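Undergrad: First the structure, which I've put down as structure tokens, then a few questions once you've had a look.
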Amino acid sequence: MCGGASSAADWIAAFVNDDLFGVPFILLLYLLWFATRPGRERAVRVLVTLVLAMGLANGLREVVWNVAPRSRPPWEYPRAEWLVGPNERLTCGQHPDRWIDRSHPPKSPAFPSAHVTTATVAATALALGSRAFGAVALLYALLVGWGRLYWGKHWPSDVVGTLLLMAVLTWAVWRFVPRLLAWWRARRARGLPQAPPAT
């Protein structure tokens, strides 16, 4: 072990940050909740919140990346001072001043974190509909954030800031959605043909 690294931590970080696990896992939580009566009653509001919040969150992320890009942790080190791959990482005890690269080098800015953005929006939308299922989803989002830190992709403030920002954004969308749905239903009602008067 070096710098908090271990084979178990490597495996957990890879697992929770793998889309082949994360997407089906979140989808399963949603489907299990939709199978319940409260889930069916709140499904429309939760799904509309999820879609709108995800779009806004990713749009905001792109704006921040382009307007105020923040450097990633490894960018603070010359490439020659990176320990890349399992063999070089084994020497980190002899090179405590070097950067330990545990995954592929990042290319996009650090804040907001794309992985944490997606996980937080999906988890928060579900949590607003169901505390129980949402708690599981939020735990997953926290593990995603930990994995990004473990891999050295982000500063701690990137992960914490993204978690808070996207949770607040999703909550704001959740509060707005009932008005949107009411407007949509009223619009549809005006467009429906009127029943003929009774004779």
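The way I read the labels, and the way they are meant: chains A, B, ... in the order of the structure tokens, residue 1 as the first residue of every chain, and ligand 1 as the first ligand shown, with later ones counted on from there.
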Excluding same-chain residues fewer than 5 positions from Ala132 in chain A, what lies within 12 Å of it counting only C-alpha atoms, as a PyMOL selection string?

TA: chain A and resi 29-30+32-33+38-39+123-124+126-127+137-139

Undergrad: Can you list, as a PyMOL selection string, every protein, DNA or RNA residue that comes within 12 Å of Val173 in chain A when you count only C-alpha atoms, leaving out same-chain residues fewer than 3 positions away?

TA: chain A and resi 45-57+121+124-125+128+166-170+176-181

Undergrad: Using only C-alpha atoms for the distances, tell me which of A:Thr118, A:Ser157, A:Ser7, A:Asn17 is nearest to Arg61 in chain A.

TA: A:Thr118

Undergrad: Choose the residue, out of A:Pro74, A:Leu163, A:Leu28, A:Gly59, that has the smallest atom-to-atom separation from Val136 in chain A; count only C-alpha atoms.

TA: A:Leu28

Undergrad: Which of these, A:Val16, A:Ala172, A:Pro106, A:Asp10, has the shortest distance to Val144 in chain A once you count only C-alpha atoms?

TA: A:Val16

Undergrad: Taking 3 positions as the minimum chain separation for residues in the same chain, which residues sit within 12 Å of Pro156 in chain A when counting only C-alpha atoms? Answer as a PyMOL selection string.

TA: chain A and resi 72-73+110-113+116+145-153+159-163

Undergrad: What is the distance between CA of Thr117 in chain A and CA of Ser130 in chain A, in Å to one decimal?

TA: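 CA of Ser130 in chain A lies 19.7 Å from CA of Thr117 in chain A.
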
Undergrad: DSSP says strand (DSSP E or B) for which residues of range 26-170 of chain A? Put them as a PDB file with all heavy atoms, in the first residue's frame?

TA:
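File written: result_39.pdb
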ATOM      1  N   TRP A  82       5.298  11.828 -13.071  1.00  0.00           N
ATOM      2  CA  TRP A  82       4.146  10.959 -12.873  1.00  0.00           C
ATOM      3  C   TRP A  82       4.618   9.518 -12.730  1.00  0.00           C
ATOM      4  O   TRP A  82       5.536   9.074 -13.433  1.00  0.00           O
ATOM      5  CB  TRP A  82       3.191  11.028 -14.056  1.00  0.00           C
ATOM      6  CG  TRP A  82       2.441  12.315 -14.195  1.00  0.00           C
ATOM      7  CD1 TRP A  82       2.719  13.507 -13.600  1.00  0.00           C
ATOM      8  CD2 TRP A  82       1.302  12.527 -15.017  1.00  0.00           C
ATOM      9  NE1 TRP A  82       1.823  14.459 -13.990  1.00  0.00           N
ATOM     10  CE2 TRP A  82       0.940  13.894 -14.857  1.00  0.00           C
ATOM     11  CE3 TRP A  82       0.565  11.727 -15.866  1.00  0.00           C
ATOM     12  CZ2 TRP A  82      -0.158  14.452 -15.530  1.00  0.00           C
ATOM     13  CZ3 TRP A  82      -0.525  12.271 -16.532  1.00  0.00           C
ATOM     14  CH2 TRP A  82      -0.882  13.626 -16.353  1.00  0.00           C
ATOM     15  N   LEU A  83       4.001   8.789 -11.823  1.00  0.00           N
ATOM     16  CA  LEU A  83       4.215   7.347 -11.727  1.00  0.00           C
ATOM     17  C   LEU A  83       3.030   6.675 -12.405  1.00  0.00           C
ATOM     18  O   LEU A  83       1.917   6.665 -11.880  1.00  0.00           O
ATOM     19  CB  LEU A  83       4.323   6.909 -10.262  1.00  0.00           C
ATOM     20  CG  LEU A  83       5.465   7.524  -9.456  1.00  0.00           C
ATOM     21  CD1 LEU A  83       5.423   7.033  -8.014  1.00  0.00           C
ATOM     22  CD2 LEU A  83       6.818   7.178 -10.091  1.00  0.00           C
ATOM     23  N   VAL A  84       3.272   6.137 -13.586  1.00  0.00           N
ATOM     24  CA  VAL A  84       2.202   5.599 -14.427  1.00  0.00           C
ATOM     25  C   VAL A  84       2.297   4.080 -14.489  1.00  0.00           C
ATOM     26  O   VAL A  84       3.373   3.518 -14.665  1.00  0.00           O
ATOM     27  CB  VAL A  84       2.278   6.184 -15.854  1.00  0.00           C
ATOM     28  CG1 VAL A  84       1.131   5.658 -16.707  1.00  0.00           C
ATOM     29  CG2 VAL A  84       2.252   7.701 -15.803  1.00  0.00           C
ATOM     30  N   TRP A  99       3.647  12.329  -8.597  1.00  0.00           N
ATOM     31  CA  TRP A  99       2.211  12.107  -8.752  1.00  0.00           C
ATOM     32  C   TRP A  99       1.933  10.643  -9.100  1.00  0.00           C
ATOM     33  O   TRP A  99       2.583  10.070  -9.962  1.00  0.00           O
ATOM     34  CB  TRP A  99       1.645  12.996  -9.856  1.00  0.00           C
ATOM     35  CG  TRP A  99       0.198  12.737 -10.082  1.00  0.00           C
ATOM     36  CD1 TRP A  99      -0.379  12.022 -11.082  1.00  0.00           C
ATOM     37  CD2 TRP A  99      -0.872  13.154  -9.228  1.00  0.00           C
ATOM     38  NE1 TRP A  99      -1.739  11.979 -10.926  1.00  0.00           N
ATOM     39  CE2 TRP A  99      -2.070  12.662  -9.790  1.00  0.00           C
ATOM     40  CE3 TRP A  99      -0.925  13.895  -8.054  1.00  0.00           C
ATOM     41  CZ2 TRP A  99      -3.313  12.900  -9.212  1.00  0.00           C
ATOM     42  CZ3 TRP A  99      -2.157  14.129  -7.482  1.00  0.00           C
ATOM     43  CH2 TRP A  99      -3.334  13.639  -8.056  1.00  0.00           C
ATOM     44  N   ILE A 100       0.967  10.043  -8.391  1.00  0.00           N
ATOM     45  CA  ILE A 100       0.592   8.652  -8.650  1.00  0.00           C
ATOM     46  C   ILE A 100      -0.613   8.653  -9.575  1.00  0.00           C
ATOM     47  O   ILE A 100      -1.707   9.067  -9.182  1.00  0.00           O
ATOM     48  CB  ILE A 100       0.254   7.907  -7.346  1.00  0.00           C
ATOM     49  CG1 ILE A 100       1.416   8.001  -6.368  1.00  0.00           C
ATOM     50  CG2 ILE A 100      -0.087   6.461  -7.630  1.00  0.00           C
ATOM     51  CD1 ILE A 100       1.085   7.460  -4.983  1.00  0.00           C
ATOM     52  N   ASP A 101      -0.417   8.217 -10.793  1.00  0.00           N
ATOM     53  CA  ASP A 101      -1.505   8.173 -11.766  1.00  0.00           C
ATOM     54  C   ASP A 101      -2.121   6.783 -11.748  1.00  0.00           C
ATOM     55  O   ASP A 101      -1.490   5.810 -12.155  1.00  0.00           O
ATOM     56  CB  ASP A 101      -0.985   8.499 -13.167  1.00  0.00           C
ATOM     57  CG  ASP A 101      -2.109   8.560 -14.173  1.00  0.00           C
ATOM     58  OD1 ASP A 101      -3.024   9.364 -13.970  1.00  0.00           O
ATOM     59  OD2 ASP A 101      -2.076   7.794 -15.153  1.00  0.00           O
TER      60      ASP A 101
END

Undergrad: Which residues are near Asp18 in chain A? Cut-off 12 Å, only C-alpha atoms, ignore same chain within fewer than 3 positions. Put them as number ranges by chain.

TA: A: 11-15, 21-25, 115, 119, 140, 143-144, 147-148

Undergrad: Could you state the separation of CA of Val64 in chain A and CA of Thr120 in chain A in Å, given to one decimal place?

TA: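 Calculated distance between CA of Val64 in chain A and CA of Thr120 in chain A is 17.3 Å.
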
Undergrad: Report, in Å with one decimal, the straight-line distance from CA of Ala114 in chain A to CA of Leu165 in chain A.

TA: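 CA of Leu165 in chain A lies at a distance of 12.4 Å from CA of Ala114 in chain A.
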